[in-house]
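Pasted below: data-v3.txt, compact mmCIF, C-alpha atoms.
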```
# COMPACT_ATOMS: atom_id res chain seq x y z
CA ASP A 1 0.00 0.00 0.00
CA ARG A 2 1.05 3.66 0.10
CA TYR A 3 2.96 3.08 3.36
CA GLY A 4 4.74 -0.15 2.40
CA PHE A 5 2.38 -2.55 4.23
CA LYS A 6 0.72 -5.57 2.61
CA LYS A 7 -2.73 -4.79 1.24
CA SER A 8 -4.35 -8.05 2.28
CA ASN A 9 -4.38 -10.15 5.44
CA GLN A 10 -6.57 -12.87 6.95
CA TYR A 11 -9.37 -10.34 7.57
CA ILE A 12 -9.28 -8.22 4.39
CA SER A 13 -8.79 -9.52 0.86
CA LYS A 14 -6.79 -7.65 -1.79
CA ALA A 15 -9.99 -7.18 -3.82
CA GLU A 16 -11.73 -5.58 -0.80
CA TYR A 17 -8.74 -3.35 -0.19
CA ASP A 18 -8.49 -2.24 -3.82
CA ALA A 19 -12.24 -1.51 -4.04
CA TRP A 20 -12.06 0.67 -0.90
CA ASN A 21 -8.75 2.30 -1.86
CA THR A 22 -9.98 3.55 -5.25
CA ASN A 23 -12.48 5.89 -3.59
CA TYR A 24 -10.26 6.62 -0.61
CA THR A 25 -7.39 7.80 -2.82
CA GLN A 26 -9.76 10.36 -4.35
CA TYR A 27 -10.86 11.34 -0.84
CA ILE A 28 -7.21 11.92 0.22
CA GLU A 29 -6.71 14.11 -2.85
CA ARG A 30 -9.76 16.24 -2.01
CA ARG A 31 -8.63 16.61 1.60
CA ARG A 32 -5.07 17.47 0.48
CA LYS A 33 -6.36 20.39 -1.62
CA LYS A 34 -8.29 21.72 1.39
CA TRP A 35 -5.22 21.41 3.60
CA TYR A 36 -3.06 23.23 1.03
CA ALA A 37 -5.58 26.09 0.97
CA LEU A 38 -5.65 26.16 4.80
CA MET A 39 -1.85 26.28 5.05
CA ARG A 40 -1.63 29.08 2.48
CA ALA A 41 -4.33 31.04 4.36
CA TYR A 42 -1.99 31.02 7.38
CA GLY A 43 1.07 31.87 5.27
CA LEU A 44 2.65 28.46 6.00
CA MET A 45 4.81 26.52 3.58
CA THR A 46 3.37 23.40 1.98
CA ASP A 47 6.64 21.83 0.88
CA ASP A 48 7.78 19.60 3.77
CA PRO A 49 6.14 21.82 6.42
CA ILE A 50 7.22 21.78 10.08
CA ARG A 51 4.71 24.39 11.32
CA PHE A 52 0.92 24.02 11.16
CA PRO A 53 -2.11 26.27 11.77
CA PRO A 54 -2.99 27.08 15.41
CA LYS A 55 -5.68 24.92 17.00
CA SER A 56 -9.27 25.95 16.21
CA GLU A 57 -12.64 24.29 15.56
CA LYS A 58 -11.94 24.38 11.82
CA VAL A 59 -8.47 22.83 12.15
CA LYS A 60 -9.89 20.16 14.50
CA ARG A 61 -12.43 19.24 11.80
CA TYR A 62 -9.64 19.04 9.21
CA VAL A 63 -7.54 16.80 11.47
CA ARG A 64 -10.52 14.50 12.16
CA LYS A 65 -10.95 14.08 8.40
CA GLY A 66 -7.31 13.07 8.02
CA ILE A 67 -3.94 14.80 7.70
CA PRO A 68 -2.26 14.42 4.26
CA PRO A 69 -0.07 11.28 4.54
CA GLU A 70 3.17 13.05 3.60
CA TRP A 71 2.70 15.64 6.38
CA ARG A 72 1.51 13.27 9.06
CA GLY A 73 4.63 12.86 11.18
CA ALA A 74 5.41 16.59 11.16
CA ALA A 75 1.80 17.47 12.09
CA TRP A 76 1.73 14.91 14.92
CA PHE A 77 4.95 16.39 16.30
CA TRP A 78 3.66 19.96 16.02
CA TYR A 79 0.24 19.39 17.61
CA ALA A 80 1.63 17.16 20.38
CA GLY A 81 3.80 20.09 21.54
CA GLY A 82 6.95 18.41 20.20
CA PRO A 83 8.94 21.59 19.38
CA GLY A 84 8.62 22.89 22.97
CA ARG A 85 9.60 19.53 24.46
CA LEU A 86 12.53 19.24 22.07
CA ALA A 87 13.78 22.68 23.14
CA ARG A 88 13.55 21.65 26.80
CA MET A 89 15.24 18.29 26.18
CA GLN A 90 17.96 19.51 23.81
CA GLY A 91 20.72 16.89 23.57
CA VAL A 92 19.02 14.48 26.04
CA TYR A 93 18.32 11.80 23.42
CA TRP A 94 21.86 11.58 22.01
CA GLU A 95 23.32 11.58 25.52
CA LEU A 96 21.05 8.60 26.36
CA VAL A 97 22.14 6.82 23.16
CA ARG A 98 25.75 7.32 24.23
CA ARG A 99 25.03 5.98 27.74
CA CYS A 100 23.29 2.90 26.32
CA GLU A 101 26.67 1.74 25.00
CA LYS A 102 27.95 1.42 28.57
CA PRO A 103 27.38 -1.58 30.86
CA GLU A 104 24.61 -1.33 33.47
CA ASP A 105 26.97 -0.75 36.42
CA GLU A 106 28.36 2.32 34.64
CA GLY A 107 24.95 3.91 34.11
CA GLY A 108 24.07 1.98 30.95
CA LEU A 109 20.99 -0.06 30.04
CA ASN A 110 20.19 -3.24 31.99
CA ASP A 111 20.67 -6.57 30.23
CA ALA A 112 17.00 -7.64 30.51
CA ASP A 113 15.67 -4.61 28.59
CA ARG A 114 18.53 -4.89 26.10
CA GLU A 115 17.64 -8.55 25.39
CA HIS A 116 13.89 -7.90 25.15
CA ILE A 117 14.42 -5.04 22.69
CA GLU A 118 16.73 -7.18 20.55
CA ARG A 119 14.21 -10.03 20.56
CA ASP A 120 11.29 -7.82 19.45
CA LEU A 121 13.23 -5.74 16.93
CA HIS A 122 12.83 -8.16 14.03
CA ARG A 123 9.19 -8.83 14.92
CA THR A 124 8.35 -5.18 14.20
CA PHE A 125 6.34 -4.86 10.96
CA PRO A 126 8.20 -7.74 9.26
CA ASP A 127 5.93 -7.35 6.20
CA ASN A 128 6.60 -3.63 5.73
CA ILE A 129 9.16 -2.92 3.00
CA SER A 130 11.03 -0.35 5.14
CA PHE A 131 11.59 -2.92 7.90
CA LYS A 132 12.62 -5.80 5.66
CA PRO A 133 16.34 -6.51 5.26
CA ASP A 134 17.57 -6.74 1.68
CA PRO A 135 17.55 -10.38 0.55
CA PRO A 136 21.01 -11.92 0.78
CA THR A 137 22.94 -12.24 -2.44
CA THR A 138 24.87 -15.45 -3.16
CA PRO A 139 28.52 -14.98 -2.16
CA LEU A 140 30.48 -14.83 -5.42
CA SER A 141 33.46 -16.66 -3.97
CA SER A 142 31.53 -19.86 -3.36
CA PRO A 143 28.65 -20.33 -5.78
CA GLU A 144 28.04 -23.85 -4.48
CA SER A 145 27.55 -22.81 -0.84
CA SER A 146 24.14 -23.43 0.67
CA PRO A 147 21.85 -20.57 1.79
CA GLU A 148 22.33 -21.68 5.42
CA SER A 149 25.98 -20.62 5.26
CA TRP A 150 25.24 -17.16 3.84
CA PRO A 151 25.72 -14.30 6.28
CA ASP A 152 22.60 -12.65 7.73
CA PRO A 153 21.62 -9.56 5.74
CA PRO A 154 22.38 -6.32 7.57
CA ASP A 155 19.49 -4.67 9.42
CA PRO A 156 17.72 -1.95 7.41
CA PRO A 157 18.50 1.60 8.66
CA ILE A 158 15.07 2.02 10.29
CA LEU A 159 15.68 -1.05 12.52
CA ASN A 160 18.98 0.42 13.72
CA SER A 161 17.13 3.65 14.50
CA LEU A 162 14.40 1.70 16.30
CA ARG A 163 16.98 -0.11 18.44
CA ARG A 164 18.53 3.20 19.53
CA VAL A 165 15.15 4.85 20.27
CA LEU A 166 13.87 1.90 22.34
CA ARG A 167 17.13 1.60 24.30
CA ALA A 168 17.28 5.34 25.01
CA PHE A 169 13.64 5.35 26.07
CA ALA A 170 14.12 2.37 28.41
CA LEU A 171 17.06 4.14 30.08
CA HIS A 172 15.14 7.43 30.29
CA ASN A 173 11.99 5.83 31.78
CA PRO A 174 13.08 3.12 34.25
CA GLN A 175 9.51 2.78 35.58
CA ILE A 176 8.57 1.55 32.10
CA GLY A 177 11.87 0.28 30.74
CA TYR A 178 10.99 -1.72 27.65
CA CYS A 179 7.48 -3.07 27.21
CA GLN A 180 6.20 -5.12 24.29
CA SER A 181 4.12 -2.95 21.92
CA LEU A 182 6.47 0.03 22.31
CA ASN A 183 8.42 -1.45 19.38
CA PHE A 184 5.37 -1.04 17.12
CA ILE A 185 4.54 2.45 18.38
CA ALA A 186 8.15 3.67 17.97
CA GLY A 187 8.42 1.88 14.60
CA LEU A 188 5.35 3.65 13.22
CA LEU A 189 6.60 6.99 14.57
CA LEU A 190 9.94 6.50 12.79
CA LEU A 191 8.16 5.56 9.57
CA PHE A 192 6.22 8.84 9.54
CA LEU A 193 8.94 11.06 11.02
CA LYS A 194 11.30 10.05 8.20
CA SER A 195 13.49 8.21 10.74
CA ASP A 196 14.11 11.31 12.88
CA GLU A 197 15.07 9.43 16.05
CA GLU A 198 15.01 12.42 18.39
CA LYS A 199 11.45 13.37 17.38
CA ALA A 200 10.29 9.73 17.63
CA PHE A 201 11.80 9.55 21.14
CA ILE A 202 9.99 12.77 22.17
CA LEU A 203 6.61 11.54 20.83
CA LEU A 204 7.07 8.15 22.52
CA ASP A 205 7.61 10.08 25.76
CA VAL A 206 4.45 12.15 25.10
CA ILE A 207 2.38 9.00 24.43
CA THR A 208 3.53 7.19 27.58
CA SER A 209 3.49 10.15 29.97
CA VAL A 210 0.61 12.32 28.70
CA HIS A 211 -1.81 10.15 26.72
CA LEU A 212 -1.42 6.76 28.40
CA PRO A 213 0.09 7.36 31.84
CA GLY A 214 0.81 4.05 33.55
CA THR A 215 -0.36 1.84 30.67
CA HIS A 216 3.13 0.59 29.82
CA ALA A 217 4.58 0.72 33.37
CA ARG A 218 6.35 -2.36 34.76
CA VAL A 219 3.51 -2.51 37.32
CA LEU A 220 0.85 -2.67 34.66
CA GLU A 221 -1.89 -0.06 34.96
CA ALA A 222 -3.58 -0.65 31.61
CA ASN A 223 -6.59 -1.87 33.60
CA VAL A 224 -7.32 1.67 34.79
CA ASP A 225 -8.13 2.81 31.25
CA ILE A 226 -9.93 -0.43 30.41
CA GLY A 227 -12.01 0.06 33.57
CA VAL A 228 -12.91 3.59 32.39
CA LEU A 229 -13.82 2.21 28.95
CA MET A 230 -16.08 -0.45 30.51
CA ASP A 231 -17.80 2.26 32.62
CA LEU A 232 -18.42 4.30 29.47
CA LEU A 233 -19.66 1.27 27.58
CA ARG A 234 -22.21 0.51 30.27
CA GLU A 235 -23.43 4.12 30.21
CA HIS A 236 -23.51 4.71 26.45
CA LEU A 237 -24.22 1.26 24.99
CA PRO A 238 -26.25 -0.63 27.62
CA ALA A 239 -27.43 -3.31 25.17
CA VAL A 240 -23.81 -4.17 24.31
CA TRP A 241 -22.87 -4.02 27.99
CA ASN A 242 -25.62 -6.49 28.90
CA ARG A 243 -24.24 -8.93 26.37
CA ILE A 244 -20.60 -8.71 27.54
CA ASP A 245 -21.07 -8.23 31.30
CA ASP A 246 -19.95 -11.35 33.14
CA GLY A 247 -18.47 -9.59 36.20
CA ASP A 248 -19.80 -8.74 39.64
CA PRO A 249 -22.21 -5.78 39.29
CA ALA A 250 -20.70 -4.19 42.41
CA ASP A 251 -17.29 -4.13 40.75
CA LEU A 252 -18.01 -1.27 38.40
CA ASN A 253 -19.68 0.76 41.16
CA PRO A 254 -17.11 0.60 43.93
CA ALA A 255 -17.76 2.54 47.11
CA PRO A 256 -16.18 6.00 47.16
CA GLY A 257 -12.43 5.66 47.43
CA LYS A 258 -12.64 1.90 46.91
CA ARG A 259 -11.20 1.99 43.40
CA GLY A 260 -7.68 1.67 44.70
CA ALA A 261 -4.41 1.53 42.87
CA PRO A 262 -4.23 -1.30 40.31
CA GLY A 263 -2.84 -4.56 41.51
CA LEU A 264 -3.87 -4.03 45.14
CA GLY A 265 -6.25 -6.94 45.40
CA PRO A 266 -9.97 -6.50 46.14
CA ALA A 267 -10.02 -2.75 45.41
CA GLN A 268 -9.39 -3.58 41.74
CA PRO A 269 -12.72 -3.98 39.91
CA ARG A 270 -13.14 -7.32 38.16
CA LEU A 271 -13.62 -6.48 34.53
CA PRO A 272 -15.69 -8.50 32.05
CA THR A 273 -13.70 -11.18 30.20
CA VAL A 274 -14.14 -9.31 26.93
CA SER A 275 -12.06 -6.45 28.34
CA LEU A 276 -8.98 -8.63 27.68
CA ALA A 277 -9.71 -8.26 23.97
CA THR A 278 -9.58 -4.46 24.32
CA THR A 279 -6.30 -4.22 26.28
CA PRO A 280 -4.14 -4.30 23.09
CA TRP A 281 -6.25 -1.44 21.65
CA PHE A 282 -4.68 0.89 24.21
CA MET A 283 -1.29 -0.81 24.64
CA SER A 284 -0.54 -0.63 20.90
CA LEU A 285 -2.68 2.43 20.07
CA PHE A 286 -4.72 0.25 17.68
CA ILE A 287 -1.70 -0.95 15.65
CA GLY A 288 -2.54 -4.48 14.50
CA THR A 289 -6.12 -3.99 15.72
CA LEU A 290 -7.46 -1.59 13.09
CA PRO A 291 -6.31 -1.58 9.44
CA ILE A 292 -3.33 0.75 9.02
CA GLU A 293 -5.18 3.73 7.50
CA SER A 294 -7.76 3.60 10.30
CA THR A 295 -4.94 3.47 12.88
CA LEU A 296 -3.26 6.52 11.34
CA ARG A 297 -6.49 8.51 11.39
CA VAL A 298 -6.88 7.67 15.10
CA TRP A 299 -3.32 8.93 15.68
CA ASP A 300 -4.09 12.17 13.81
CA SER A 301 -6.76 13.01 16.39
CA LEU A 302 -4.87 11.53 19.34
CA PHE A 303 -1.97 13.96 18.93
CA TYR A 304 -4.36 16.86 18.31
CA GLU A 305 -7.10 16.19 20.90
CA GLY A 306 -5.60 13.83 23.47
CA SER A 307 -6.45 10.42 24.89
CA LYS A 308 -10.23 10.91 24.79
CA THR A 309 -9.76 9.92 21.12
CA LEU A 310 -8.87 6.34 22.15
CA PHE A 311 -12.02 6.02 24.28
CA ARG A 312 -14.28 7.53 21.61
CA VAL A 313 -12.84 5.23 18.92
CA SER A 314 -13.27 2.19 21.22
CA LEU A 315 -16.92 3.12 21.82
CA ALA A 316 -17.41 3.61 18.05
CA ILE A 317 -16.03 0.11 17.40
CA PHE A 318 -18.57 -1.34 19.85
CA LYS A 319 -21.33 0.83 18.36
CA LEU A 320 -20.62 -0.36 14.80
CA GLY A 321 -20.34 -3.93 16.06
CA GLU A 322 -23.50 -3.75 18.14
CA PRO A 323 -25.70 -5.79 15.73
CA SER A 324 -23.08 -8.60 15.59
CA ILE A 325 -22.56 -8.60 19.37
CA ARG A 326 -26.26 -8.60 20.20
CA ALA A 327 -26.90 -11.49 17.80
CA ILE A 328 -24.70 -13.81 19.90
CA GLU A 329 -25.54 -15.68 23.08
CA ASP A 330 -22.30 -17.54 23.85
CA PRO A 331 -19.86 -15.29 25.83
CA MET A 332 -16.81 -16.93 24.26
CA GLU A 333 -18.19 -16.15 20.83
CA VAL A 334 -18.67 -12.52 21.88
CA PHE A 335 -14.98 -12.41 22.79
CA GLN A 336 -14.06 -13.63 19.28
CA VAL A 337 -16.35 -11.08 17.64
CA VAL A 338 -14.92 -8.17 19.67
CA GLN A 339 -11.41 -9.35 18.82
CA THR A 340 -12.01 -9.55 15.05
CA LEU A 341 -14.47 -6.65 14.61
CA PRO A 342 -11.94 -3.80 14.39
CA ARG A 343 -9.58 -5.77 12.13
CA LYS A 344 -12.17 -5.61 9.35
CA MET A 345 -12.97 -1.88 9.76
CA LEU A 346 -11.46 -0.72 6.50
CA ASP A 347 -14.02 2.06 6.04
CA VAL A 348 -12.26 4.57 8.28
CA ASN A 349 -14.65 7.41 7.40
CA MET A 350 -17.58 5.41 8.75
CA LEU A 351 -15.60 4.65 11.94
CA MET A 352 -14.66 8.32 12.40
CA GLU A 353 -18.23 9.44 11.79
CA ALA A 354 -19.45 7.11 14.56
CA CYS A 355 -16.60 8.31 16.77
CA TRP A 356 -17.16 12.07 16.42
CA LYS A 357 -20.93 12.24 15.83
CA ARG A 358 -22.24 14.93 18.18
CA LYS A 359 -25.23 12.87 19.29
CA GLY A 360 -23.13 9.79 19.92
CA PHE A 361 -20.35 10.14 22.47
CA GLY A 362 -20.07 13.93 22.57
CA SER A 363 -20.04 13.97 26.38
CA VAL A 364 -16.85 11.85 26.45
CA ASN A 365 -14.41 14.74 26.62
CA GLN A 366 -10.87 14.95 27.96
CA GLU A 367 -12.00 16.36 31.33
CA LEU A 368 -14.28 13.36 31.87
CA ILE A 369 -11.51 10.90 31.02
CA ASP A 370 -9.01 12.61 33.33
CA GLU A 371 -11.59 12.63 36.13
CA ARG A 372 -12.51 8.93 35.70
CA ARG A 373 -8.87 7.86 35.62
```

Full structure transcribed into structure tokens:
Amino acid sequence: DRYGFKKSNQYISKAEYDAWNTNYTQYIERRRKKWYALMRAYGLMTDDPIRFPPKSEKVKRYVRKGIPPEWRGAAWFWYAGGPGRLARMQGVYWELVRRCEKPEDEGGLNDADREHIERDLHRTFPDNISFKPDPPTTPLSSPESSPESWPDPPDPPILNSLRRVLRAFALHNPQIGYCQSLNFIAGLLLLFLKSDEEKAFILLDVITSVHLPGTHARVLEANVDIGVLMDLLREHLPAVWNRIDDGDPADLNPAPGKRGAPGLGPAQPRLPTVSLATTPWFMSLFIGTLPIESTLRVWDSLFYEGSKTLFRVSLAIFKLGEPSIRAIEDPMEVFQVVQTLPRKMLDVNMLMEACWKRKGFGSVNQELIDERR
């Protein structure tokens, strides 16, 4: 596809992708023209821009309808407050990279994180052309030698960048260190930031500290956000909630002050089984859950509007899947449906419409999310 990913997978056929993409390509072109006009109205350059229009209702609408693909990384960085953070953290990234070369007892990275990063490196987007090593060529000196004896192809440049970003981040954030799924998030950032490691590092820091605080921590707090999502689901989509609820009804209405810190035993609400299917939605910011274009559109709004985007998109997935979920009686089957639903959501405009419709989940704003957390 336009980003180097395979068009088809076990959920979407190439024919389905091509049929959708024909119209979507025209849509991107129409949106691009509008963005060009918007940039010119603000006197901003349109050739590899690094500055974007100030936030407003109009710009928010434009972002929700999709940022032009070639500007995406730069726009994410701008709207996430990247330039200010970069100014405050000048030189921090490269100093961390330098320290990562040292052993742990000299202030370097611990062996466990180093090993985990190395293990996950080659599992990051193995089907994307930017992450694939060049196929090995037969050594000229020994034409008869078997492929097993050929040297491993060198890592593509983006994998070397990813290794440095993940190591530096693990050293910078010891309460997180390295956590599976950060490889995909950092990999996608590098892909759209044209391998600018420093900017990818800054945005990874923004994601883990501002948008998903605690989600990737060594003491896992992802359940806090999933608990909030389940609360919202019960309030906004009661028919879906009734189908998935297999927990103790008292759990989602704990007594005041009872909803203690995660992992502290009884104070932790017992979530419905289906919530396990939604944990990767937050951990990986929908990478591998939604088709890639849908994921990127979620990220457009995430960096512009904040983490409420993730909750609104999750509710929209349940809303669009409501007929399928309500048609099922067996709880295990519901789990399967919730797991596969988003993977087939190629029509990103329909998903975004359900997500941002004023009558739908308009009350789910950032203040509400921060309060519930």

Report task. Would you list the contacts of region 28-30 of chain A as a VMD selection string, taking every protein, DNA or RNA residue within 10 Å and counting all atoms listed in the file, but skipping same-chain residues closer than 4 positions in sequence? Result -> chain A and resid 21 23 to 24 34 to 35 65 to 69

Query - Two-atom distance - CA of Ser294 (chain A), CA of Lys33 (chain A) (Å) - result: 20.6 Å

Query raised in the report: Any idea what's packed within 12 Å of Ala87 (chain A), counting only C-alpha atoms, ignoring anything in its chain fewer than 5 positions away? Could you give it as a PyMOL selection string?
Result: chain A and resi 81-82+92-93+198-199+202

Near-Cys179 (chain A) list (9 Å; only C-alpha atoms; drop same-chain fewer than 6 positions) as a short mmCIF file (atom, residue, chain, number, x, y, z; two decimals) with C-alpha atoms, in the coordinates of the input:
```
data_model
loop_
_atom_site.label_atom_id
_atom_site.label_comp_id
_atom_site.auth_asym_id
_atom_site.auth_seq_id
_atom_site.Cartn_x
_atom_site.Cartn_y
_atom_site.Cartn_z
CA ASP A 113 15.67 -4.61 28.59
CA HIS A 116 13.89 -7.90 25.15
CA ILE A 117 14.42 -5.04 22.69
CA ALA A 170 14.12 2.37 28.41
CA HIS A 216 3.13 0.59 29.82
CA ALA A 217 4.58 0.72 33.37
CA ARG A 218 6.35 -2.36 34.76
#
```

Query raised in the report: Please, what distance in Å, to one decimal, runs between CA of Trp76 (chain A) and CA of Phe303 (chain A)?
Result: 5.5 Å

**Report entry** Of the listed residues A:Val338, A:Leu212, A:Arg123, A:Glu57, that which approaches Pro323 (chain A) most closely, counting all atoms listed in the file
**Finding:**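 Smallest distance to Pro323 (chain A) is found for A:Val338.
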
Query raised in the report: Using all atoms listed in the file, which of A:Tyr42, A:Phe52, A:Phe318, A:Trp299 sits nearest Ile244 (chain A)?
Result: A:Phe318

Query - Which of A:Trp356, A:Tyr304, A:Phe361, A:Phe282 sits closest to Pro213 (chain A) [using all atoms listed in the file] - result: A:Phe282

Report summary line: In terms of all atoms listed in the file, the residue from A:Leu38, A:Pro291, A:Leu162, A:Arg326 at minimal distance from Thr340 (chain A) is A:Pro291

Report task. Report the distance between CA of Arg2 (chain A) and CA of Phe192 (chain A) in Å, rounded to one decimal place. Result ->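 That distance, rounded to one decimal, is 11.9 Å.
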
Query raised in the report: Which residues come within 9 Å of Ser314 (chain A), counting only C-alpha atoms, excluding same-chain residues fewer than 2 positions away, as a list of chain:residue names?
Result: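 Contacts, in chain order: A:Leu229, A:Thr278, A:Trp281, A:Thr309, A:Leu310, A:Phe311, A:Arg312, A:Ala316, A:Ile317, A:Phe318, A:Lys319, A:Cys355.
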
Convert the current residue selection to file output with C-alpha atoms, as a PDB file, keeping the file's coordinate frame.
```pdb
ATOM      1  CA  LEU A 229     -13.820   2.210  28.950  1.00  0.00           C
ATOM      2  CA  THR A 278      -9.580  -4.460  24.320  1.00  0.00           C
ATOM      3  CA  TRP A 281      -6.250  -1.440  21.650  1.00  0.00           C
ATOM      4  CA  THR A 309      -9.760   9.920  21.120  1.00  0.00           C
ATOM      5  CA  LEU A 310      -8.870   6.340  22.150  1.00  0.00           C
ATOM      6  CA  PHE A 311     -12.020   6.020  24.280  1.00  0.00           C
ATOM      7  CA  ARG A 312     -14.280   7.530  21.610  1.00  0.00           C
ATOM      8  CA  ALA A 316     -17.410   3.610  18.050  1.00  0.00           C
ATOM      9  CA  ILE A 317     -16.030   0.110  17.400  1.00  0.00           C
ATOM     10  CA  PHE A 318     -18.570  -1.340  19.850  1.00  0.00           C
ATOM     11  CA  LYS A 319     -21.330   0.830  18.360  1.00  0.00           C
ATOM     12  CA  CYS A 355     -16.600   8.310  16.770  1.00  0.00           C
TER      13      CYS A 355
END
```

**Report entry** Spatial neighbours of Ile226 (chain A), max dist 12 Å, only C-alpha atoms, sep filter under 5 positions, as a PyMOL selection string
**Finding:** chain A and resi 212+215+220-221+231-233+252+262+268-283+310-311+314-315+369+372-373

Restricted to C-alpha atoms, what would the selected residues look like written as an mmCIF file, in the coordinates of the input?
```
data_model
loop_
_atom_site.group_PDB
_atom_site.id
_atom_site.type_symbol
_atom_site.label_atom_id
_atom_site.label_comp_id
_atom_site.auth_asym_id
_atom_site.auth_seq_id
_atom_site.Cartn_x
_atom_site.Cartn_y
_atom_site.Cartn_z
ATOM 1 C CA LEU A 212 -1.420 6.760 28.400
ATOM 2 C CA THR A 215 -0.360 1.840 30.670
ATOM 3 C CA LEU A 220 0.850 -2.670 34.660
ATOM 4 C CA GLU A 221 -1.890 -0.060 34.960
ATOM 5 C CA ASP A 231 -17.800 2.260 32.620
ATOM 6 C CA LEU A 232 -18.420 4.300 29.470
ATOM 7 C CA LEU A 233 -19.660 1.270 27.580
ATOM 8 C CA LEU A 252 -18.010 -1.270 38.400
ATOM 9 C CA PRO A 262 -4.230 -1.300 40.310
ATOM 10 C CA GLN A 268 -9.390 -3.580 41.740
ATOM 11 C CA PRO A 269 -12.720 -3.980 39.910
ATOM 12 C CA ARG A 270 -13.140 -7.320 38.160
ATOM 13 C CA LEU A 271 -13.620 -6.480 34.530
ATOM 14 C CA PRO A 272 -15.690 -8.500 32.050
ATOM 15 C CA THR A 273 -13.700 -11.180 30.200
ATOM 16 C CA VAL A 274 -14.140 -9.310 26.930
ATOM 17 C CA SER A 275 -12.060 -6.450 28.340
ATOM 18 C CA LEU A 276 -8.980 -8.630 27.680
ATOM 19 C CA ALA A 277 -9.710 -8.260 23.970
ATOM 20 C CA THR A 278 -9.580 -4.460 24.320
ATOM 21 C CA THR A 279 -6.300 -4.220 26.280
ATOM 22 C CA PRO A 280 -4.140 -4.300 23.090
ATOM 23 C CA TRP A 281 -6.250 -1.440 21.650
ATOM 24 C CA PHE A 282 -4.680 0.890 24.210
ATOM 25 C CA MET A 283 -1.290 -0.810 24.640
ATOM 26 C CA LEU A 310 -8.870 6.340 22.150
ATOM 27 C CA PHE A 311 -12.020 6.020 24.280
ATOM 28 C CA SER A 314 -13.270 2.190 21.220
ATOM 29 C CA LEU A 315 -16.920 3.120 21.820
ATOM 30 C CA ILE A 369 -11.510 10.900 31.020
ATOM 31 C CA ARG A 372 -12.510 8.930 35.700
ATOM 32 C CA ARG A 373 -8.870 7.860 35.620
#
```
